[in-house]
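Peer 1: Have a peek at work05.pdb (PDB, C-alpha atoms).
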MODEL        1
ATOM      1  CA  MET F  50      70.382  92.521  65.514  1.00  0.00           C
ATOM      2  CA  ALA F  51      70.988  90.950  68.924  1.00  0.00           C
ATOM      3  CA  TRP F  52      73.870  93.185  69.903  1.00  0.00           C
ATOM      4  CA  SER F  53      73.413  96.912  70.253  1.00  0.00           C
ATOM      5  CA  ARG F  54      75.785  99.568  71.396  1.00  0.00           C
ATOM      6  CA  GLN F  55      74.723 102.694  73.212  1.00  0.00           C
ATOM      7  CA  SER F  56      75.836 105.979  71.786  1.00  0.00           C
ATOM      8  CA  ARG F  57      78.529 107.923  73.651  1.00  0.00           C
ATOM      9  CA  ILE F  58      77.133 111.235  72.448  1.00  0.00           C
ATOM     10  CA  GLY F  59      76.086 113.370  75.376  1.00  0.00           C
ATOM     11  CA  ARG F  60      77.544 111.033  78.028  1.00  0.00           C
ATOM     12  CA  GLN F  61      79.725 112.522  80.729  1.00  0.00           C
ATOM     13  CA  PRO F  62      82.926 110.834  81.962  1.00  0.00           C
ATOM     14  CA  SER F  63      82.881 109.361  85.439  1.00  0.00           C
ATOM     15  CA  GLN F  64      83.618 111.985  88.105  1.00  0.00           C
ATOM     16  CA  LEU F  65      85.367 109.316  90.150  1.00  0.00           C
ATOM     17  CA  ARG F  66      87.727 108.610  87.251  1.00  0.00           C
ATOM     18  CA  ILE F  67      88.306 112.322  86.658  1.00  0.00           C
ATOM     19  CA  LYS F  68      89.259 112.979  90.289  1.00  0.00           C
ATOM     20  CA  LEU F  69      91.135 109.787  91.236  1.00  0.00           C
ATOM     21  CA  VAL F  70      93.266 108.926  88.206  1.00  0.00           C
ATOM     22  CA  PRO F  71      95.866 111.723  88.592  1.00  0.00           C
ATOM     23  CA  PRO F  72      96.664 111.035  92.274  1.00  0.00           C
ATOM     24  CA  ILE F  73      96.717 107.284  91.650  1.00  0.00           C
ATOM     25  CA  THR F  74      99.248 107.678  88.826  1.00  0.00           C
ATOM     26  CA  VAL F  75     101.477 109.793  91.075  1.00  0.00           C
ATOM     27  CA  VAL F  76     101.246 107.224  93.883  1.00  0.00           C
ATOM     28  CA  LEU F  77     102.094 104.417  91.449  1.00  0.00           C
ATOM     29  CA  GLY F  78     105.044 106.461  90.193  1.00  0.00           C
ATOM     30  CA  SER F  79     106.247 106.985  93.754  1.00  0.00           C
ATOM     31  CA  MET F  80     105.912 103.261  94.435  1.00  0.00           C
ATOM     32  CA  ILE F  81     108.345 102.464  91.605  1.00  0.00           C
ATOM     33  CA  THR F  82     111.192 103.784  93.762  1.00  0.00           C
ATOM     34  CA  ALA F  83     110.429 101.017  96.269  1.00  0.00           C
ATOM     35  CA  LEU F  84     111.421  98.320  93.757  1.00  0.00           C
ATOM     36  CA  PRO F  85     114.349  96.213  94.964  1.00  0.00           C
ATOM     37  CA  ILE F  86     116.969  97.574  92.580  1.00  0.00           C
ATOM     38  CA  ILE F  87     120.426  97.477  94.140  1.00  0.00           C
ATOM     39  CA  THR F  88     123.071  99.893  92.863  1.00  0.00           C
ATOM     40  CA  ASP F  89     126.046 101.714  94.307  1.00  0.00           C
ATOM     41  CA  TYR F  90     124.762 105.077  93.163  1.00  0.00           C
ATOM     42  CA  PRO F  91     121.299 106.548  92.687  1.00  0.00           C
ATOM     43  CA  ILE F  92     120.093 105.838  89.154  1.00  0.00           C
ATOM     44  CA  LEU F  93     116.320 105.317  89.311  1.00  0.00           C
ATOM     45  CA  PRO F  94     114.467 108.511  88.322  1.00  0.00           C
ATOM     46  CA  PRO F  95     111.900 109.911  90.758  1.00  0.00           C
ATOM     47  CA  MET F  96     108.888 108.651  88.800  1.00  0.00           C
ATOM     48  CA  GLY F  97     106.360 110.111  91.231  1.00  0.00           C
ATOM     49  CA  LEU F  98     107.898 113.538  90.763  1.00  0.00           C
ATOM     50  CA  LEU F  99     107.989 113.152  86.982  1.00  0.00           C
ATOM     51  CA  ALA F 100     104.325 112.105  87.006  1.00  0.00           C
ATOM     52  CA  VAL F 101     103.266 115.031  89.200  1.00  0.00           C
ATOM     53  CA  LEU F 102     105.241 117.447  87.024  1.00  0.00           C
ATOM     54  CA  ALA F 103     103.628 116.044  83.881  1.00  0.00           C
ATOM     55  CA  TRP F 104     100.136 116.351  85.386  1.00  0.00           C
ATOM     56  CA  ARG F 105     100.849 119.857  86.673  1.00  0.00           C
ATOM     57  CA  LEU F 106     102.275 121.065  83.358  1.00  0.00           C
ATOM     58  CA  ILE F 107      99.599 119.382  81.197  1.00  0.00           C
ATOM     59  CA  ARG F 108      96.667 120.425  83.424  1.00  0.00           C
ATOM     60  CA  PRO F 109      97.837 123.567  85.278  1.00  0.00           C
ATOM     61  CA  GLY F 110      94.591 124.196  87.130  1.00  0.00           C
ATOM     62  CA  PHE F 111      93.895 120.643  88.236  1.00  0.00           C
ATOM     63  CA  TRP F 112      95.816 120.699  91.517  1.00  0.00           C
ATOM     64  CA  PRO F 113      95.942 123.560  93.995  1.00  0.00           C
ATOM     65  CA  VAL F 114      99.285 124.821  95.255  1.00  0.00           C
ATOM     66  CA  TRP F 115      98.977 122.909  98.532  1.00  0.00           C
ATOM     67  CA  ALA F 116      98.753 119.551  96.685  1.00  0.00           C
ATOM     68  CA  GLY F 117     102.542 119.231  96.852  1.00  0.00           C
ATOM     69  CA  PHE F 118     102.222 118.520 100.573  1.00  0.00           C
ATOM     70  CA  PRO F 119     100.110 115.313 100.501  1.00  0.00           C
ATOM     71  CA  LEU F 120     101.696 114.031  97.293  1.00  0.00           C
ATOM     72  CA  GLY F 121     105.178 114.628  98.710  1.00  0.00           C
ATOM     73  CA  LEU F 122     104.112 112.898 101.922  1.00  0.00           C
ATOM     74  CA  ILE F 123     103.150 109.795  99.957  1.00  0.00           C
ATOM     75  CA  ASP F 124     106.453 109.929  98.093  1.00  0.00           C
ATOM     76  CA  ASP F 125     108.331 110.170 101.388  1.00  0.00           C
ATOM     77  CA  ILE F 126     106.668 106.956 102.534  1.00  0.00           C
ATOM     78  CA  PHE F 127     107.937 105.004  99.519  1.00  0.00           C
ATOM     79  CA  SER F 128     111.240 106.714  98.690  1.00  0.00           C
ATOM     80  CA  GLY F 129     113.178 106.130 101.879  1.00  0.00           C
ATOM     81  CA  GLN F 130     114.183 109.787 102.093  1.00  0.00           C
ATOM     82  CA  PRO F 131     113.933 111.526 105.480  1.00  0.00           C
ATOM     83  CA  PHE F 132     110.300 112.092 106.318  1.00  0.00           C
ATOM     84  CA  GLY F 133     109.222 115.519 105.129  1.00  0.00           C
ATOM     85  CA  SER F 134     111.920 116.080 102.506  1.00  0.00           C
ATOM     86  CA  ALA F 135     109.636 115.482  99.508  1.00  0.00           C
ATOM     87  CA  VAL F 136     106.886 117.405 101.305  1.00  0.00           C
ATOM     88  CA  LEU F 137     109.143 120.451 101.469  1.00  0.00           C
ATOM     89  CA  LEU F 138     110.715 120.098  98.029  1.00  0.00           C
ATOM     90  CA  TRP F 139     107.491 119.252  96.170  1.00  0.00           C
ATOM     91  CA  SER F 140     105.706 122.143  97.889  1.00  0.00           C
ATOM     92  CA  VAL F 141     108.452 124.510  96.739  1.00  0.00           C
ATOM     93  CA  VAL F 142     108.131 123.111  93.200  1.00  0.00           C
ATOM     94  CA  PHE F 143     104.345 123.635  93.253  1.00  0.00           C
ATOM     95  CA  ILE F 144     104.819 127.239  94.406  1.00  0.00           C
ATOM     96  CA  PHE F 145     107.418 127.733  91.641  1.00  0.00           C
ATOM     97  CA  LEU F 146     105.033 126.292  89.029  1.00  0.00           C
ATOM     98  CA  GLU F 147     102.191 128.481  90.275  1.00  0.00           C
ATOM     99  CA  ALA F 148     104.398 131.565  89.958  1.00  0.00           C
ATOM    100  CA  ILE F 149     105.345 130.560  86.410  1.00  0.00           C
ATOM    101  CA  ASP F 150     101.684 129.983  85.502  1.00  0.00           C
ATOM    102  CA  ARG F 151     100.743 133.435  86.760  1.00  0.00           C
ATOM    103  CA  LYS F 152     103.518 135.179  84.805  1.00  0.00           C
ATOM    104  CA  ALA F 153     103.611 133.186  81.560  1.00  0.00           C
ATOM    105  CA  VAL F 154     101.143 133.856  78.796  1.00  0.00           C
ATOM    106  CA  SER F 155     101.596 130.464  77.166  1.00  0.00           C
ATOM    107  CA  ARG F 156     104.175 127.700  77.148  1.00  0.00           C
ATOM    108  CA  ASP F 157     105.234 125.182  74.569  1.00  0.00           C
ATOM    109  CA  TYR F 158     106.611 121.653  74.817  1.00  0.00           C
ATOM    110  CA  TRP F 159     110.255 122.725  75.118  1.00  0.00           C
ATOM    111  CA  GLN F 160     109.519 125.187  77.901  1.00  0.00           C
ATOM    112  CA  ASP F 161     107.612 122.511  79.819  1.00  0.00           C
ATOM    113  CA  TRP F 162     110.578 120.155  79.418  1.00  0.00           C
ATOM    114  CA  LEU F 163     112.944 122.856  80.671  1.00  0.00           C
ATOM    115  CA  ILE F 164     110.684 123.630  83.652  1.00  0.00           C
ATOM    116  CA  ALA F 165     110.389 119.930  84.517  1.00  0.00           C
ATOM    117  CA  SER F 166     114.168 119.515  84.182  1.00  0.00           C
ATOM    118  CA  ILE F 167     114.890 122.417  86.516  1.00  0.00           C
ATOM    119  CA  ALA F 168     112.337 121.152  89.048  1.00  0.00           C
ATOM    120  CA  THR F 169     113.723 117.599  88.905  1.00  0.00           C
ATOM    121  CA  VAL F 170     117.327 118.725  89.367  1.00  0.00           C
ATOM    122  CA  PHE F 171     116.236 120.962  92.258  1.00  0.00           C
ATOM    123  CA  VAL F 172     114.412 118.101  94.006  1.00  0.00           C
ATOM    124  CA  LEU F 173     117.238 115.593  93.477  1.00  0.00           C
ATOM    125  CA  ILE F 174     119.938 117.952  94.758  1.00  0.00           C
ATOM    126  CA  GLY F 175     117.714 119.147  97.599  1.00  0.00           C
ATOM    127  CA  GLY F 176     116.956 115.576  98.638  1.00  0.00           C
ATOM    128  CA  MET F 177     120.630 114.651  98.651  1.00  0.00           C
ATOM    129  CA  LEU F 178     121.566 117.713 100.679  1.00  0.00           C
ATOM    130  CA  ILE F 179     118.771 117.059 103.196  1.00  0.00           C
ATOM    131  CA  VAL F 180     120.159 113.581 103.844  1.00  0.00           C
ATOM    132  CA  ASP F 181     123.646 114.809 104.799  1.00  0.00           C
ATOM    133  CA  PHE F 182     124.594 118.354 103.873  1.00  0.00           C
ATOM    134  CA  GLN F 183     128.291 118.365 104.799  1.00  0.00           C
ATOM    135  CA  THR F 184     129.226 115.053 103.189  1.00  0.00           C
ATOM    136  CA  ASN F 185     126.992 115.307 100.136  1.00  0.00           C
ATOM    137  CA  MET F 186     127.936 118.877  99.262  1.00  0.00           C
ATOM    138  CA  LEU F 187     131.157 117.497  97.823  1.00  0.00           C
ATOM    139  CA  ARG F 188     129.519 114.448  96.163  1.00  0.00           C
ATOM    140  CA  LEU F 189     126.865 116.045  93.946  1.00  0.00           C
ATOM    141  CA  ASP F 190     128.511 114.425  90.901  1.00  0.00           C
ATOM    142  CA  LEU F 191     126.928 111.122  91.994  1.00  0.00           C
ATOM    143  CA  LEU F 192     123.533 112.491  90.979  1.00  0.00           C
ATOM    144  CA  VAL F 193     124.495 113.295  87.382  1.00  0.00           C
ATOM    145  CA  PRO F 194     123.378 109.929  85.886  1.00  0.00           C
ATOM    146  CA  GLN F 195     120.073 110.076  87.772  1.00  0.00           C
ATOM    147  CA  MET F 196     119.521 113.685  86.692  1.00  0.00           C
ATOM    148  CA  LEU F 197     120.261 112.931  83.041  1.00  0.00           C
ATOM    149  CA  LEU F 198     118.032 109.858  83.028  1.00  0.00           C
ATOM    150  CA  SER F 199     115.222 111.823  84.681  1.00  0.00           C
ATOM    151  CA  ILE F 200     115.524 114.698  82.218  1.00  0.00           C
ATOM    152  CA  LEU F 201     115.594 112.359  79.224  1.00  0.00           C
ATOM    153  CA  LEU F 202     112.685 110.286  80.584  1.00  0.00           C
ATOM    154  CA  TYR F 203     110.371 113.256  81.174  1.00  0.00           C
ATOM    155  CA  PRO F 204     109.015 113.455  77.571  1.00  0.00           C
ATOM    156  CA  PHE F 205     108.037 109.774  77.737  1.00  0.00           C
ATOM    157  CA  VAL F 206     106.324 110.270  81.097  1.00  0.00           C
ATOM    158  CA  ALA F 207     104.547 113.387  79.821  1.00  0.00           C
ATOM    159  CA  ARG F 208     103.309 111.487  76.776  1.00  0.00           C
ATOM    160  CA  LEU F 209     102.121 108.613  78.959  1.00  0.00           C
ATOM    161  CA  ILE F 210     100.332 111.005  81.326  1.00  0.00           C
ATOM    162  CA  GLY F 211      98.810 112.750  78.303  1.00  0.00           C
ATOM    163  CA  ALA F 212      97.400 109.426  77.077  1.00  0.00           C
ATOM    164  CA  VAL F 213      96.072 108.641  80.550  1.00  0.00           C
ATOM    165  CA  ASP F 214      94.524 112.120  80.680  1.00  0.00           C
ATOM    166  CA  ASN F 215      92.784 111.572  77.341  1.00  0.00           C
ATOM    167  CA  TRP F 216      91.346 108.287  78.654  1.00  0.00           C
ATOM    168  CA  ARG F 217      90.403 109.995  81.938  1.00  0.00           C
ATOM    169  CA  VAL F 218      88.254 112.676  80.328  1.00  0.00           C
ATOM    170  CA  ALA F 219      86.811 110.479  77.560  1.00  0.00           C
ATOM    171  CA  SER F 220      83.180 109.530  77.982  1.00  0.00           C
TER
ENDMDL
END
Represent the structure from my file as structure tokens, please.
Peer 2:
Amino acid sequence: MAWSRQSRIGRQPSQLRIKLVPPITVVLGSMITALPIITDYPILPPMGLLAVLAWRLIRPGFWPVWAGFPLGLIDDIFSGQPFGSAVLLWSVVFIFLEAIDRKAVSRDYWQDWLIASIATVFVLIGGMLIVDFQTNMLRLDLLVPQMLLSILLYPFVARLIGAVDNWRVAS
């Protein structure tokens, strides 16, 4: 037999793949908001945020609480929001998720979806209010389509991140 295949039994996955895949997926998600899609109202979901929420809810201990700062900084670069808004909002979300992880015994799929929905709505409203508080306080209804699309898209993103996570830890 000319072709032989090495056994995967006992092999460890690449440490580089284990450490770099989650941040790369979040950066790629944040880069999606830089696509040249022209609309009158915000419609594109914050894919970087959905990816970071999926990673954080699937693998609670992977990122420390302070990871919201650099990941939010990268999102600020691509999103066009005022510099530091995602840093602040994502850091608050990470602190919120850490508090939930310390209090909760276990969570199921529906609770993760609810947590991600609350965090997404918080970040979208917070980002809009940071841009212009007085004007946007009366125009929060503009965010409803983006919020609904983000909430409905989260299960797909979580499933995709779950598949990427399985590949990441496979040997």
Peer 1: For this structure, which residues satisfy the selection - the PyMOL selection byres ((chain F and resi 72) around 10) - when it is evaluated on the file as given? I want them as a VMD selection string.
Peer 2: chain F and resid 68 to 71 73 to 78 97 100 to 101 104 112 116 119 to 120
Peer 1: Translate the PyMOL selection byres ((chain F and resi 124) around 9), as applied to the file shown, into an explicit residue set as a list in words.
Peer 2: Val75, Val76, Gly78, Ser79, Met80, Thr82, Gly97, Leu98, Pro119, Leu120, Gly121, Leu122, Ile123, Asp125, Ile126, Phe127, Ser128, Gly129, Gln130, Ala135 and Val136 of chain F
Peer 1: Show me, as a PyMOL selection string, the residues that have an atom within 9 Å of Ile67 (chain F) when counting only C-alpha atoms, minus same-chain residues fewer than 6 positions from it.
Peer 2: chain F and resi 214+217-218
Peer 1: Please write as a PyMOL selection string the full residue list that the PyMOL selection byres ((chain F and resi 102) around 9) yields on this file.
Peer 2: chain F and resi 97-101+103-107+142-143+164-165+168-169+203+207
Peer 1: Would you please work out which residue, of F:Ile144, F:Ser166, F:Arg66, F:Gly211, is nearest to Gln195 (chain F) when using only C-alpha atoms?
Peer 2: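 That would be F:Ser166, the residue with the smallest distance to Gln195 (chain F).
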Peer 1: Smallest atom-to-atom distance to Tyr90 (chain F): which of F:Leu189, F:Ser140, F:Pro204, F:Val213, using all atoms listed in the file?
Peer 2: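 Residue with the minimum atom-to-atom distance to Tyr90 (chain F): F:Leu189.
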Peer 1: Do you have the CA of Leu93 (chain F)-CA of Ser199 (chain F) distance handy?
Peer 2: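 Taking CA of Leu93 (chain F) as the start and CA of Ser199 (chain F) as the end point, the length is 8.1 Å.
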Peer 1: Between CA of Ile200 (chain F) and CA of Arg156 (chain F), what is the distance in Å, rounded to a tenth?
Peer 2: 18.0 Å
Peer 1: For a test of reading the model, state the distance in Å between CA of Gly133 (chain F) and CA of Leu201 (chain F), rounded to one decimal.
Peer 2: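 Pair CA of Gly133 (chain F) / CA of Leu201 (chain F) returns 26.9 Å.
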Peer 1: Using all atoms listed in the file, find the one residue out of F:Leu65, F:Pro85, F:Ser134, F:Ile167 that sits nearest to Met196 (chain F).
Peer 2: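 Under the stated criterion, the closest residue is F:Ile167.
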Peer 1: Restricting the calculation to all atoms listed in the file: of F:Pro91, F:Pro109, F:Pro131, F:Pro62, which residue gets closest to Asp161 (chain F)?
Peer 2: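 With all atoms listed in the file as the atom set, the closest residue is F:Pro109.
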Peer 1: Box along x, y and z, 6 Å on every side, all listed atoms of region 196-214 of chain F inside: centre and edge lengths in Å to one decimal, as AutoDock Vina command-line options.
Peer 2:
--center_x 107.4 --center_y 111.7 --center_z 81.7 --size_x 37.7 --size_y 18.1 --size_z 21.9
Peer 1: Compare F:Ile149, F:Ala212, F:Leu173, F:Leu138 by their minimum atom-to-atom distance to Pro95 (chain F), counting only C-alpha atoms, and give me the closest one.
Peer 2: F:Leu173
Peer 1: With the input short on atoms, add N, CA and C atoms back to region 110-145 of chain F and write it as an mmCIF file, in the frame of the given file.
Peer 2:
data_model
loop_
_atom_site.group_PDB
_atom_site.id
_atom_site.type_symbol
_atom_site.label_atom_id
_atom_site.label_comp_id
_atom_site.auth_asym_id
_atom_site.auth_seq_id
_atom_site.Cartn_x
_atom_site.Cartn_y
_atom_site.Cartn_z
ATOM 1 N N GLY F 110 95.562 123.850 86.104
ATOM 2 C CA GLY F 110 94.591 124.196 87.130
ATOM 3 C C GLY F 110 94.019 123.029 87.884
ATOM 4 N N PHE F 111 94.503 121.815 87.605
ATOM 5 C CA PHE F 111 93.895 120.643 88.236
ATOM 6 C C PHE F 111 94.178 120.591 89.730
ATOM 7 N N TRP F 112 95.446 120.791 90.116
ATOM 8 C CA TRP F 112 95.816 120.699 91.517
ATOM 9 C C TRP F 112 96.061 122.074 92.099
ATOM 10 N N PRO F 113 95.603 122.300 93.324
ATOM 11 C CA PRO F 113 95.942 123.560 93.995
ATOM 12 C C PRO F 113 97.405 123.552 94.432
ATOM 13 N N VAL F 114 97.879 124.692 94.862
ATOM 14 C CA VAL F 114 99.285 124.821 95.255
ATOM 15 C C VAL F 114 99.623 123.903 96.430
ATOM 16 N N TRP F 115 98.694 123.714 97.349
ATOM 17 C CA TRP F 115 98.977 122.909 98.532
ATOM 18 C C TRP F 115 99.043 121.409 98.240
ATOM 19 N N ALA F 116 98.753 120.976 97.020
ATOM 20 C CA ALA F 116 98.753 119.551 96.685
ATOM 21 C C ALA F 116 100.155 118.938 96.754
ATOM 22 N N GLY F 117 101.189 119.756 96.715
ATOM 23 C CA GLY F 117 102.542 119.231 96.852
ATOM 24 C C GLY F 117 102.783 118.598 98.212
ATOM 25 N N PHE F 118 102.055 119.066 99.217
ATOM 26 C CA PHE F 118 102.222 118.520 100.573
ATOM 27 C C PHE F 118 101.776 117.063 100.663
ATOM 28 N N PRO F 119 100.501 116.722 100.358
ATOM 29 C CA PRO F 119 100.110 115.313 100.501
ATOM 30 C C PRO F 119 100.789 114.388 99.494
ATOM 31 N N LEU F 120 101.027 114.880 98.278
ATOM 32 C CA LEU F 120 101.696 114.031 97.293
ATOM 33 C C LEU F 120 103.154 113.785 97.680
ATOM 34 N N GLY F 121 103.814 114.804 98.206
ATOM 35 C CA GLY F 121 105.178 114.628 98.710
ATOM 36 C C GLY F 121 105.224 113.713 99.919
ATOM 37 N N LEU F 122 104.199 113.776 100.755
ATOM 38 C CA LEU F 122 104.112 112.898 101.922
ATOM 39 C C LEU F 122 104.039 111.437 101.494
ATOM 40 N N ILE F 123 103.238 111.163 100.478
ATOM 41 C CA ILE F 123 103.150 109.795 99.957
ATOM 42 C C ILE F 123 104.483 109.364 99.363
ATOM 43 N N ASP F 124 105.147 110.260 98.661
ATOM 44 C CA ASP F 124 106.453 109.929 98.093
ATOM 45 C C ASP F 124 107.479 109.659 99.184
ATOM 46 N N ASP F 125 107.415 110.410 100.269
ATOM 47 C CA ASP F 125 108.331 110.170 101.388
ATOM 48 C C ASP F 125 108.157 108.769 101.967
ATOM 49 N N ILE F 126 106.941 108.289 101.986
ATOM 50 C CA ILE F 126 106.668 106.956 102.534
ATOM 51 C C ILE F 126 107.373 105.884 101.709
ATOM 52 N N PHE F 127 107.380 106.037 100.391
ATOM 53 C CA PHE F 127 107.937 105.004 99.519
ATOM 54 C C PHE F 127 109.402 105.216 99.161
ATOM 55 N N SER F 128 109.899 106.437 99.213
ATOM 56 C CA SER F 128 111.240 106.714 98.690
ATOM 57 C C SER F 128 112.368 106.369 99.644
ATOM 58 N N GLY F 129 112.114 106.380 100.925
ATOM 59 C CA GLY F 129 113.178 106.130 101.879
ATOM 60 C C GLY F 129 113.949 107.381 102.262
ATOM 61 N N GLN F 130 113.579 108.504 101.713
ATOM 62 C CA GLN F 130 114.183 109.787 102.093
ATOM 63 C C GLN F 130 113.716 110.152 103.506
ATOM 64 N N PRO F 131 114.407 111.068 104.169
ATOM 65 C CA PRO F 131 113.933 111.526 105.480
ATOM 66 C C PRO F 131 112.506 112.069 105.363
ATOM 67 N N PHE F 132 111.710 111.730 106.348
ATOM 68 C CA PHE F 132 110.300 112.092 106.318
ATOM 69 C C PHE F 132 110.148 113.611 106.288
ATOM 70 N N GLY F 133 109.464 114.097 105.292
ATOM 71 C CA GLY F 133 109.222 115.519 105.129
ATOM 72 C C GLY F 133 110.063 116.168 104.051
ATOM 73 N N SER F 134 111.068 115.459 103.529
ATOM 74 C CA SER F 134 111.920 116.080 102.506
ATOM 75 C C SER F 134 111.153 116.295 101.206
ATOM 76 N N ALA F 135 110.422 115.297 100.732
ATOM 77 C CA ALA F 135 109.636 115.482 99.508
ATOM 78 C C ALA F 135 108.478 116.441 99.751
ATOM 79 N N VAL F 136 107.950 116.449 100.972
ATOM 80 C CA VAL F 136 106.886 117.405 101.305
ATOM 81 C C VAL F 136 107.392 118.822 101.084
ATOM 82 N N LEU F 137 108.557 119.120 101.615
ATOM 83 C CA LEU F 137 109.143 120.451 101.469
ATOM 84 C C LEU F 137 109.491 120.750 100.016
ATOM 85 N N LEU F 138 110.218 119.842 99.377
ATOM 86 C CA LEU F 138 110.715 120.098 98.029
ATOM 87 C C LEU F 138 109.585 120.148 96.996
ATOM 88 N N TRP F 139 108.611 119.237 97.103
ATOM 89 C CA TRP F 139 107.491 119.252 96.170
ATOM 90 C C TRP F 139 106.622 120.485 96.390
ATOM 91 N N SER F 140 106.482 120.917 97.634
ATOM 92 C CA SER F 140 105.706 122.143 97.889
ATOM 93 C C SER F 140 106.388 123.352 97.269
ATOM 94 N N VAL F 141 107.713 123.417 97.364
ATOM 95 C CA VAL F 141 108.452 124.510 96.739
ATOM 96 C C VAL F 141 108.281 124.460 95.219
ATOM 97 N N VAL F 142 108.320 123.263 94.644
ATOM 98 C CA VAL F 142 108.131 123.111 93.200
ATOM 99 C C VAL F 142 106.730 123.567 92.795
ATOM 100 N N PHE F 143 105.709 123.209 93.574
ATOM 101 C CA PHE F 143 104.345 123.635 93.253
ATOM 102 C C PHE F 143 104.217 125.157 93.330
ATOM 103 N N ILE F 144 104.851 125.770 94.308
ATOM 104 C CA ILE F 144 104.819 127.239 94.406
ATOM 105 C C ILE F 144 105.537 127.859 93.202
ATOM 106 N N PHE F 145 106.674 127.283 92.820
ATOM 107 C CA PHE F 145 107.418 127.733 91.641
ATOM 108 C C PHE F 145 106.562 127.621 90.376
#
